[in-house]
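Here's target38.txt, which has compact mmCIF, C-alpha atoms:
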# COMPACT_ATOMS: atom_id res chain seq x y z
CA MET A 189 -32.15 14.95 -9.73
CA TYR A 190 -29.15 17.10 -10.62
CA ALA A 191 -26.37 16.65 -8.06
CA THR A 192 -24.83 19.67 -6.37
CA LEU A 193 -21.37 20.44 -7.69
CA GLU A 194 -18.79 20.44 -4.92
CA MET A 195 -16.09 23.10 -5.25
CA THR A 196 -13.97 22.29 -2.21
CA THR A 197 -12.88 18.78 -3.16
CA ALA A 198 -11.60 17.39 -6.42
CA PRO A 199 -14.38 15.29 -7.98
CA THR A 200 -13.69 11.96 -9.62
CA PHE A 201 -14.67 12.07 -13.26
CA PRO A 202 -14.98 9.19 -15.73
CA GLU A 203 -12.35 8.59 -18.37
CA PRO A 204 -12.39 11.53 -20.80
CA THR A 205 -14.35 11.09 -24.00
CA PRO A 206 -12.64 12.55 -27.08
CA GLY A 207 -14.39 15.22 -29.06
CA THR A 208 -15.13 18.91 -29.02
CA ASP A 209 -17.24 20.57 -26.35
CA GLU A 210 -20.06 20.82 -28.86
CA GLU A 211 -19.91 17.14 -29.77
CA LEU A 212 -19.79 16.13 -26.11
CA PHE A 213 -22.74 18.32 -25.15
CA ILE A 214 -24.89 17.23 -28.09
CA ARG A 215 -24.20 13.60 -27.23
CA PHE A 216 -25.25 14.32 -23.66
CA ARG A 217 -28.35 16.15 -24.88
CA ASP A 218 -29.35 13.30 -27.16
CA THR A 219 -28.48 10.34 -24.92
CA GLY A 220 -28.94 11.68 -21.41
CA ASP A 221 -25.57 10.18 -20.42
CA ARG A 222 -24.63 12.29 -17.42
CA SER A 223 -21.02 11.13 -17.49
CA LEU A 224 -20.64 13.25 -20.63
CA PHE A 225 -22.04 16.26 -18.80
CA GLU A 226 -19.66 15.65 -15.90
CA GLN A 227 -16.75 15.74 -18.32
CA LEU A 228 -17.86 19.13 -19.58
CA VAL A 229 -18.05 20.39 -16.00
CA HIS A 230 -14.53 19.07 -15.46
CA ARG A 231 -13.25 20.81 -18.59
CA TYR A 232 -14.55 24.19 -17.47
CA GLU A 233 -14.40 23.90 -13.69
CA ARG A 234 -11.26 25.94 -13.05
CA GLU A 235 -11.72 28.38 -15.95
CA LEU A 236 -15.34 29.26 -15.24
CA TYR A 237 -14.95 29.42 -11.47
CA SER A 238 -11.97 31.79 -11.88
CA TYR A 239 -14.08 33.98 -14.16
CA LEU A 240 -16.96 34.13 -11.70
CA ARG A 241 -14.64 34.77 -8.77
CA ARG A 242 -13.11 37.77 -10.52
CA TYR A 243 -16.43 38.99 -11.85
CA LEU A 244 -18.22 38.82 -8.51
CA GLY A 245 -15.30 39.41 -6.15
CA ASP A 246 -16.72 36.95 -3.64
CA LEU A 247 -15.66 33.31 -3.24
CA GLU A 248 -18.93 31.95 -1.86
CA LEU A 249 -21.04 33.87 -4.34
CA ALA A 250 -18.82 32.63 -7.18
CA ALA A 251 -19.14 29.02 -6.01
CA ASP A 252 -22.92 29.32 -5.79
CA THR A 253 -23.14 30.96 -9.20
CA PHE A 254 -20.90 28.28 -10.70
CA GLN A 255 -23.29 25.59 -9.54
CA VAL A 256 -26.37 27.48 -10.69
CA THR A 257 -24.75 28.08 -14.08
CA PHE A 258 -24.22 24.39 -14.75
CA LEU A 259 -27.63 23.60 -13.37
CA GLN A 260 -29.10 26.00 -15.94
CA VAL A 261 -26.96 24.44 -18.69
CA PHE A 262 -28.25 21.02 -17.62
CA LEU A 263 -31.86 22.18 -17.61
CA LYS A 264 -31.58 24.09 -20.90
CA ARG A 265 -29.75 21.35 -22.79
CA ASP A 266 -32.61 20.97 -25.27
CA GLN A 267 -32.18 24.61 -26.29
CA PHE A 268 -28.65 23.97 -27.57
CA GLU A 269 -28.70 23.68 -31.34
CA ALA A 270 -26.25 21.90 -33.61
CA GLY A 271 -23.76 24.36 -35.10
CA ARG A 272 -23.72 26.53 -32.00
CA LYS A 273 -20.48 27.06 -30.08
CA PHE A 274 -20.60 25.79 -26.51
CA ARG A 275 -18.06 28.07 -24.82
CA PRO A 276 -19.72 31.45 -25.57
CA TRP A 277 -23.10 29.93 -24.74
CA LEU A 278 -21.74 28.75 -21.38
CA TYR A 279 -20.33 32.21 -20.66
CA ALA A 280 -23.64 33.79 -21.61
CA VAL A 281 -25.40 31.62 -19.03
CA ALA A 282 -22.69 32.29 -16.42
CA THR A 283 -22.74 36.06 -16.99
CA ASN A 284 -26.52 36.21 -16.70
CA GLN A 285 -26.40 34.20 -13.49
CA ALA A 286 -23.66 36.46 -12.11
CA ILE A 287 -25.74 39.56 -12.87
CA ASP A 288 -28.74 37.98 -11.15
CA ALA A 289 -26.58 37.09 -8.13
CA GLN A 290 -25.37 40.70 -7.89
CA ARG A 291 -28.91 41.99 -8.03
CA ARG A 292 -29.96 39.65 -5.24
CA ASN A 293 -27.06 40.90 -3.14
CA ARG A 294 -27.19 44.56 -4.13
CA ARG A 295 -27.52 45.77 -0.55
CA HIS A 296 -24.08 44.35 0.16
CA ARG A 297 -21.09 45.90 -1.56
CA LEU A 298 -19.07 43.20 -3.31
CA VAL A 299 -15.53 42.80 -2.03
CA SER A 300 -12.73 44.33 -4.08
CA LEU A 301 -11.00 42.29 -6.74
CA ASP A 302 -7.64 43.05 -5.11
CA GLN A 303 -7.97 40.17 -2.66
CA ARG A 304 -5.57 37.36 -3.48
CA HIS A 305 -6.02 33.71 -2.59
CA ALA A 306 -3.62 30.79 -2.43
CA GLY A 307 -3.49 28.88 -5.70
CA ASP A 308 -4.87 31.79 -7.71
CA GLU A 309 -3.31 31.48 -11.15
CA THR A 310 -5.12 34.50 -12.49
CA GLU A 311 -2.96 37.36 -13.66
CA VAL A 312 -3.91 40.67 -15.17
CA GLY A 313 -0.64 41.18 -17.00
CA LYS A 314 -2.11 41.81 -20.44
CA LEU A 315 -4.56 44.36 -19.10
CA VAL A 316 -1.93 46.02 -16.92
CA ASP A 317 0.37 46.37 -19.93
CA LEU A 318 -2.38 48.21 -21.79
CA LEU A 319 -3.12 50.56 -18.92
CA VAL A 320 0.21 51.37 -17.34
CA SER A 321 2.02 54.44 -18.59
CA SER A 322 4.73 53.81 -21.15
CA ALA A 323 7.24 55.84 -19.14
CA PRO A 324 10.53 53.90 -18.77
CA ASP A 325 10.24 52.98 -15.12
CA PRO A 326 11.19 49.35 -14.33
CA ALA A 327 8.83 48.74 -11.44
CA SER A 328 9.78 46.49 -8.57
CA ASP A 329 7.74 43.37 -7.83
CA ALA A 330 6.05 45.16 -4.94
CA ALA A 331 5.11 48.08 -7.16
CA ARG A 332 3.73 45.71 -9.81
CA VAL A 333 1.56 43.92 -7.26
CA GLU A 334 0.28 47.30 -6.11
CA GLN A 335 -0.46 48.29 -9.71
CA GLN A 336 -2.34 45.05 -10.32
CA GLY A 337 -4.42 45.71 -7.24
CA LEU A 338 -5.28 49.18 -8.50
CA VAL A 339 -6.28 47.78 -11.89
CA ARG A 340 -8.53 45.16 -10.32
CA GLU A 341 -10.19 47.80 -8.17
CA ALA A 342 -10.68 50.04 -11.19
CA VAL A 343 -12.17 47.19 -13.23
CA ASN A 344 -14.52 46.34 -10.37
CA GLU A 345 -15.79 49.95 -10.38
CA LEU A 346 -16.63 49.99 -14.10
CA PRO A 347 -20.30 50.03 -15.14
CA GLU A 348 -21.70 46.56 -15.72
CA SER A 349 -21.78 46.90 -19.50
CA LEU A 350 -18.07 47.77 -19.65
CA ARG A 351 -16.93 45.37 -16.95
CA SER A 352 -18.50 42.41 -18.75
CA VAL A 353 -16.50 42.87 -21.94
CA VAL A 354 -13.25 43.45 -20.03
CA HIS A 355 -13.69 40.20 -18.12
CA LEU A 356 -14.64 38.14 -21.17
CA VAL A 357 -12.04 39.50 -23.60
CA TYR A 358 -9.02 40.32 -21.43
CA TYR A 359 -9.38 37.89 -18.54
CA GLN A 360 -11.02 34.94 -20.26
CA GLY A 361 -9.47 35.44 -23.68
CA LEU A 362 -12.68 35.21 -25.68
CA LYS A 363 -12.56 36.47 -29.23
CA TYR A 364 -14.64 39.53 -29.99
CA ARG A 365 -17.30 37.51 -31.81
CA ASP A 366 -17.53 34.96 -28.97
CA ALA A 367 -17.81 37.73 -26.37
CA ALA A 368 -20.52 39.29 -28.54
CA THR A 369 -22.37 35.97 -28.61
CA ALA A 370 -22.03 35.57 -24.84
CA LEU A 371 -23.40 39.06 -24.19
CA ASN A 372 -25.90 39.02 -27.07
CA ILE A 373 -24.55 42.25 -28.54
CA PRO A 374 -22.95 43.12 -31.91
CA VAL A 375 -19.19 42.70 -32.34
CA GLY A 376 -18.90 46.43 -32.95
CA THR A 377 -20.47 47.07 -29.55
CA VAL A 378 -17.89 44.81 -27.90
CA LYS A 379 -15.09 46.83 -29.49
CA SER A 380 -16.61 50.19 -28.59
CA ARG A 381 -17.20 49.09 -24.99
CA LEU A 382 -13.63 47.85 -24.68
CA HIS A 383 -12.39 51.18 -25.97
CA ALA A 384 -14.61 53.06 -23.53
CA ALA A 385 -13.50 50.77 -20.69
CA LEU A 386 -9.81 51.35 -21.37
CA LEU A 387 -10.31 55.10 -21.53
CA LYS A 388 -12.20 55.03 -18.23
CA LEU A 389 -9.60 52.81 -16.58
CA ASN A 390 -6.75 55.02 -17.74
CA GLU A 391 -8.59 58.08 -16.46
CA ASN A 392 -9.28 56.52 -13.06
CA LEU A 393 -5.79 55.10 -12.63
CA ASN A 394 -4.10 58.35 -13.60
CA GLN A 395 -6.20 60.19 -11.02
CA GLU A 396 -5.13 57.75 -8.34
CA LYS A 397 -1.40 57.83 -9.14
CA PRO A 398 0.59 59.30 -6.27
CA GLU A 399 2.68 62.36 -7.03

Starting from the file, give its structure as structure tokens.
Amino acid sequence: MYATLEMTTAPTFPEPTPGTDEELFIRFRDTGDRSLFEQLVHRYERELYSYLRRYLGDLELAADTFQVTFLQVFLKRDQFEAGRKFRPWLYAVATNQAIDAQRRNRRHRLVSLDQRHAGDETEVGKLVDLLVSSAPDPASDAARVEQQGLVREAVNELPESLRSVVHLVYYQGLKYRDAATALNIPVGTVKSRLHAALLKLNENLNQEKPE
């Protein structure tokens, strides 16, 4: 039976096996060697958990969704076809599980993305640079932290369709075509949603700027 993934302690993984994610997963699919699957979990543990934590804004919900995501990947391994890219497929599974988790918890408002946690290496610099006014005002560190908090709140308030592309492209660094694969939408739709998201974020942030 599939073992529960533990997020609070660092797991001990076997010696890494060389090869791409796709090669590793196909070998796991074909041989049933779970040590190969564990290596894939190890490769994506920090990256995917950080994505889910930002997406959901809740540590426990992110941890649960992380485990369910890899459980689904484990169970759906026979659906993975040669020639397919693993990373966008993984994010597609994770995003669907995150949406399901939100629906199950709809009666509870998710916490704001402006909460910070020790060891959080996530930054929103690239997104902040796109959203902040170009006025020559060298902000202090305190002001920058405040601005980042405002951006995270604004992103969290975007409609689901817009928030998904912002998280995948700006936070996770997926290429447009990989984000399109993950969300099962055309590349053109990814671009148009990003444009709409940036316009909405600029509008919301400008409204909230103090005089």

Worksheet item: Near range 257-272 of chain A, within 10 Å and counting only C-alpha atoms, which residues show up once chain neighbours fewer than 3 positions away are dropped, as number ranges by chain?
Response: A: 190-193, 210-211, 213-214, 216-218, 220, 222, 225-226, 228-229, 233, 236, 251-254, 275-286

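You can rank A:Gly245, A:Val375, A:Phe274, A:His230 by their closest distance to Ala289 in chain A using all atoms listed in the file, and at the top of that list sits A:Gly245.
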
Worksheet, complete the sentence: Min atom-atom distance to Ser352 in chain A from the set A:Asn372, A:Gln227, A:Asn392, A:Asn293, counting all atoms listed in the file, belongs to A:Asn372

Worksheet entry | Nearest residue to Glu345 in chain A from the set A:Tyr364, A:Tyr359, A:Tyr243, A:Tyr232 (distances using all atoms listed in the file) | A:Tyr243

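One distance worth recording is that between CA of Arg381 in chain A and CA of Ile287 in chain A, which is 17.6 Å.
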